[in-house]
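Novice: Have a look at this one before I ask anything.
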Amino acid sequence: MAVTANVLTRVFRIRTGAWDQNSASCFTIEVDNRQYLITADHVVPDVLAGGTIDVLLSQQWESLRVVSIAHIPARESDIAVISLQQVISQTLPLEPTGDGLTIGQEVFFLGYPHGMSMTLPDLHPTPLPFVKHAILSAWERDSTGRLRMILDGVNNPGFSGGPVVFTPSAGGAFRVAGVVSFFRFLSVSVLDQEGRDTGTRAEVNAGLITANHIDHAIQAARDMGDGPLVYPTATLN
């Protein structure tokens, strides 16, 4: 299944420091005809209204002023909702909802692993994200009742803040259901060439990804109500 332009053109690299190594992922959604930038809160923990974030647009970093920001910290849902002064992406329809997503269903998550991207200027001026595949393994609620999903897939540094998207089993266009937060590690013993335990341990990717439900971002955006106004550019059939 091909991930369509209404998803690809909404995903960007974001950083809050001076180094590319500090970059992660973010994406846009529309709530009540206003655009908001969504990422993981641990990506922008110190950003305040009136400050700036750097977003890679048209193959160069641009410093964008933050009009307002809602922080939902990692101990809750690890989501940040940012209102900017201007619309930064195309507004091809991408409904922010988890409706129609079921256990065991195929999903995709997008972002910039290790700062890597696809540069296809004839297709889109901004470097495009990588697309990776997973399935929804489980829903879980934290101690505060907030909903998040556990995905079976291999995440990499740099995907934090990227979107989790799917198509309903009944058919239709892609929807965005969640925000990538982190991946789980396993601690394993390091063995020598003879298979003996060296006493050293290493962390390996457990293949489980935590993503937080987009509903939390939607509610925060509605409470803010100050994103730049948008007008949909097209309807996907």
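Convention: chains lettered A, B, ... in structure tokens order; per-chain residue numbering from 1; ligands numbered from 1 as shown.
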Would you mind listing what lies within 8 Å of A:Phe108 as a count of residues only, with only C-alpha atoms counted and same-chain residues fewer than 5 positions away left out?
Specialist: 7
Novice: Taking only stretch 125-184 of chain A into account, list the residues labelled strand (DSSP E or B) by DSSP (computed from the backbone), as number ranges by chain.
Specialist: A: 128, 130-141, 147-152, 163-166, 175-184
Novice: For those residues, write N, CA, C and O atoms to a file as a short mmCIF file (atom, residue, chain, number, x, y, z; two decimals), in the first residue's frame.
Specialist:
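Below is the file again-v6.cif, written as the result:
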data_model
loop_
_atom_site.label_atom_id
_atom_site.label_comp_id
_atom_site.auth_asym_id
_atom_site.auth_seq_id
_atom_site.Cartn_x
_atom_site.Cartn_y
_atom_site.Cartn_z
N LEU A 128 11.61 14.67 1.99
CA LEU A 128 10.49 13.83 2.43
C LEU A 128 10.93 12.82 3.48
O LEU A 128 12.09 12.40 3.51
N PHE A 130 11.13 9.19 5.70
CA PHE A 130 11.10 7.75 5.51
C PHE A 130 9.74 7.22 5.98
O PHE A 130 9.10 7.81 6.85
N VAL A 131 9.33 6.10 5.41
CA VAL A 131 8.09 5.43 5.79
C VAL A 131 8.44 4.04 6.30
O VAL A 131 9.14 3.29 5.63
N LYS A 132 7.96 3.71 7.51
CA LYS A 132 8.19 2.37 8.05
C LYS A 132 6.85 1.73 8.41
O LYS A 132 5.84 2.42 8.61
N HIS A 133 6.88 0.42 8.53
CA HIS A 133 5.67 -0.39 8.66
C HIS A 133 5.60 -1.00 10.05
O HIS A 133 6.62 -1.35 10.66
N ALA A 134 4.38 -1.14 10.58
CA ALA A 134 4.17 -1.81 11.87
C ALA A 134 2.75 -2.36 11.89
O ALA A 134 1.97 -2.16 10.95
N ILE A 135 2.43 -3.07 12.96
CA ILE A 135 1.04 -3.43 13.21
C ILE A 135 0.67 -2.96 14.61
O ILE A 135 1.54 -2.81 15.48
N LEU A 136 -0.60 -2.71 14.81
CA LEU A 136 -1.08 -2.32 16.14
C LEU A 136 -1.18 -3.57 17.01
O LEU A 136 -2.04 -4.43 16.77
N SER A 137 -0.30 -3.67 17.98
CA SER A 137 -0.28 -4.85 18.86
C SER A 137 -1.26 -4.74 20.01
O SER A 137 -1.86 -5.74 20.42
N ALA A 138 -1.39 -3.52 20.56
CA ALA A 138 -2.23 -3.37 21.76
C ALA A 138 -2.56 -1.91 21.99
O ALA A 138 -1.82 -1.01 21.59
N TRP A 139 -3.70 -1.70 22.64
CA TRP A 139 -4.03 -0.40 23.22
C TRP A 139 -3.73 -0.49 24.71
O TRP A 139 -3.91 -1.55 25.33
N GLU A 140 -3.30 0.59 25.31
CA GLU A 140 -3.15 0.60 26.77
C GLU A 140 -3.47 2.00 27.29
O GLU A 140 -3.39 2.99 26.56
N ARG A 141 -3.85 2.04 28.56
CA ARG A 141 -4.10 3.32 29.22
C ARG A 141 -3.12 3.48 30.36
O ARG A 141 -2.84 2.52 31.09
N LEU A 147 -4.93 7.32 26.57
CA LEU A 147 -4.84 6.18 25.67
C LEU A 147 -3.59 6.27 24.79
O LEU A 147 -3.27 7.33 24.26
N ARG A 148 -2.91 5.15 24.66
CA ARG A 148 -1.77 5.07 23.76
C ARG A 148 -1.74 3.71 23.11
O ARG A 148 -2.41 2.77 23.55
N MET A 149 -0.97 3.59 22.05
CA MET A 149 -0.90 2.35 21.30
C MET A 149 0.51 1.77 21.37
O MET A 149 1.50 2.51 21.46
N ILE A 150 0.58 0.44 21.36
CA ILE A 150 1.84 -0.28 21.28
C ILE A 150 1.92 -0.91 19.89
O ILE A 150 1.03 -1.67 19.50
N LEU A 151 2.97 -0.57 19.15
CA LEU A 151 3.14 -1.05 17.78
C LEU A 151 4.24 -2.09 17.72
O LEU A 151 5.27 -1.98 18.41
N ASP A 152 4.04 -3.09 16.89
CA ASP A 152 5.07 -4.08 16.60
C ASP A 152 5.82 -3.59 15.36
O ASP A 152 5.31 -3.66 14.24
N PRO A 163 4.09 10.99 12.70
CA PRO A 163 2.72 10.49 12.75
C PRO A 163 2.63 8.99 12.54
O PRO A 163 3.46 8.38 11.85
N VAL A 164 1.60 8.38 13.14
CA VAL A 164 1.21 7.00 12.86
C VAL A 164 -0.07 7.07 12.03
O VAL A 164 -1.06 7.67 12.47
N VAL A 165 -0.05 6.49 10.84
CA VAL A 165 -1.19 6.60 9.93
C VAL A 165 -1.70 5.22 9.53
O VAL A 165 -0.97 4.23 9.61
N PHE A 166 -2.94 5.19 9.08
CA PHE A 166 -3.58 3.93 8.69
C PHE A 166 -4.72 4.23 7.75
O PHE A 166 -5.16 5.38 7.62
N ARG A 175 -5.70 8.09 7.57
CA ARG A 175 -5.99 8.89 8.75
C ARG A 175 -4.76 8.87 9.65
O ARG A 175 -3.96 7.94 9.59
N VAL A 176 -4.60 9.89 10.49
CA VAL A 176 -3.50 9.91 11.45
C VAL A 176 -4.06 9.62 12.83
O VAL A 176 -4.96 10.30 13.31
N ALA A 177 -3.51 8.56 13.45
CA ALA A 177 -4.07 8.06 14.71
C ALA A 177 -3.20 8.36 15.92
O ALA A 177 -3.68 8.30 17.05
N GLY A 178 -1.91 8.64 15.71
CA GLY A 178 -1.06 8.79 16.87
C GLY A 178 0.23 9.52 16.59
O GLY A 178 0.54 9.88 15.44
N VAL A 179 1.00 9.74 17.67
CA VAL A 179 2.27 10.46 17.63
C VAL A 179 3.34 9.54 18.22
O VAL A 179 3.22 9.09 19.36
N VAL A 180 4.39 9.27 17.45
CA VAL A 180 5.46 8.39 17.92
C VAL A 180 6.15 9.00 19.13
O VAL A 180 6.51 10.18 19.13
N SER A 181 6.33 8.19 20.19
CA SER A 181 6.97 8.67 21.40
C SER A 181 8.35 8.04 21.60
O SER A 181 9.37 8.72 21.60
N PHE A 182 8.41 6.71 21.76
CA PHE A 182 9.71 6.08 22.01
C PHE A 182 9.62 4.60 21.66
O PHE A 182 8.54 4.07 21.39
N PHE A 183 10.78 3.93 21.63
CA PHE A 183 10.79 2.48 21.45
C PHE A 183 11.45 1.84 22.66
O PHE A 183 12.28 2.44 23.34
N ARG A 184 11.05 0.62 22.94
CA ARG A 184 11.51 -0.08 24.13
C ARG A 184 12.81 -0.83 23.85
O ARG A 184 13.05 -1.31 22.75
#
Novice: Between atom CA of A:Gly227 and atom CA of A:Leu84, what is the distance, to one decimal in Å?
Specialist: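 Rounded to one decimal, the two atoms are 6.5 Å apart.
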Novice: Hey, which bits of stretch 93-207 of chain A sit within 8 Å of stretch 215-223 of chain A, and for each residue what's the closest pair of atoms and how far apart in Å (one decimal), counting only C-alpha atoms, rows by chain and increasing number, as CSV?
Specialist:
residue,atom,partner,partner_atom,distance
A:Pro96,CA,A:Ile218,CA,7.6
A:Thr97,CA,A:Asp215,CA,6.7
A:Gly98,CA,A:Asp215,CA,7.8
A:Ala177,CA,A:Asp215,CA,8.0
Novice: Of the residues A:Met118, A:Ala49, A:Leu92, A:Val43, which is the one nearest to A:Pro73, using only C-alpha atoms?
Specialist: A:Val43
Novice: Hey, what's within 10 Å of A:Thr144 if we count only C-alpha atoms and toss same-chain stuff fewer than 4 positions away? As a list in words, please?
Specialist: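 Residues meeting the cut-off are Arg75, Glu76 and Ser77 of chain A.
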Novice: Could you save those same residues with C-alpha atoms as a CSV table (one decimal), in the first residue's frame?
Specialist:
chain,number,residue,atom,x,y,z
A,75,ARG,CA,4.7,11.2,32.0
A,76,GLU,CA,1.2,11.8,30.5
A,77,SER,CA,1.1,11.6,26.7
Novice: When distances are computed from only C-alpha atoms, which of A:Leu208, A:Ile88, A:Leu48, A:Val154 shows the smallest separation from A:Phe27?
Specialist: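 When distances to A:Phe27 are compared using only C-alpha atoms, the smallest one comes from A:Ile88.
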Novice: Out of A:Thr16, A:Gln59, A:Asn212, A:Gln90, which residue has the shortest atom-to-atom distance to A:Thr119 when counting only C-alpha atoms?
Specialist: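 The closest residue to A:Thr119 is A:Gln59.
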Novice: Between A:Glu95, A:Glu62, A:His114, A:Ala173, which one has atoms that come closest to A:Asp32, using only C-alpha atoms?
Specialist: A:Glu95
Novice: How many Å lie between atom CA of A:His124 and atom CA of A:Val11, rounded to one decimal?
Specialist: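 Separation between atom CA of A:His124 and atom CA of A:Val11: 11.8 Å.
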Novice: Select, from A:Arg10, A:His71, A:His42, A:Arg65, the residue with the minimum atom-to-atom distance to A:Met224, counting only C-alpha atoms.
Specialist: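 The shortest atom-to-atom distance to A:Met224 comes from A:His71.
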Novice: Would you mind reading off the distance between atom CA of A:Ile82 and atom CA of A:Tyr36, one decimal, in Å?
Specialist: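 So the two atoms, atom CA of A:Ile82 and atom CA of A:Tyr36, lie 5.7 Å apart.
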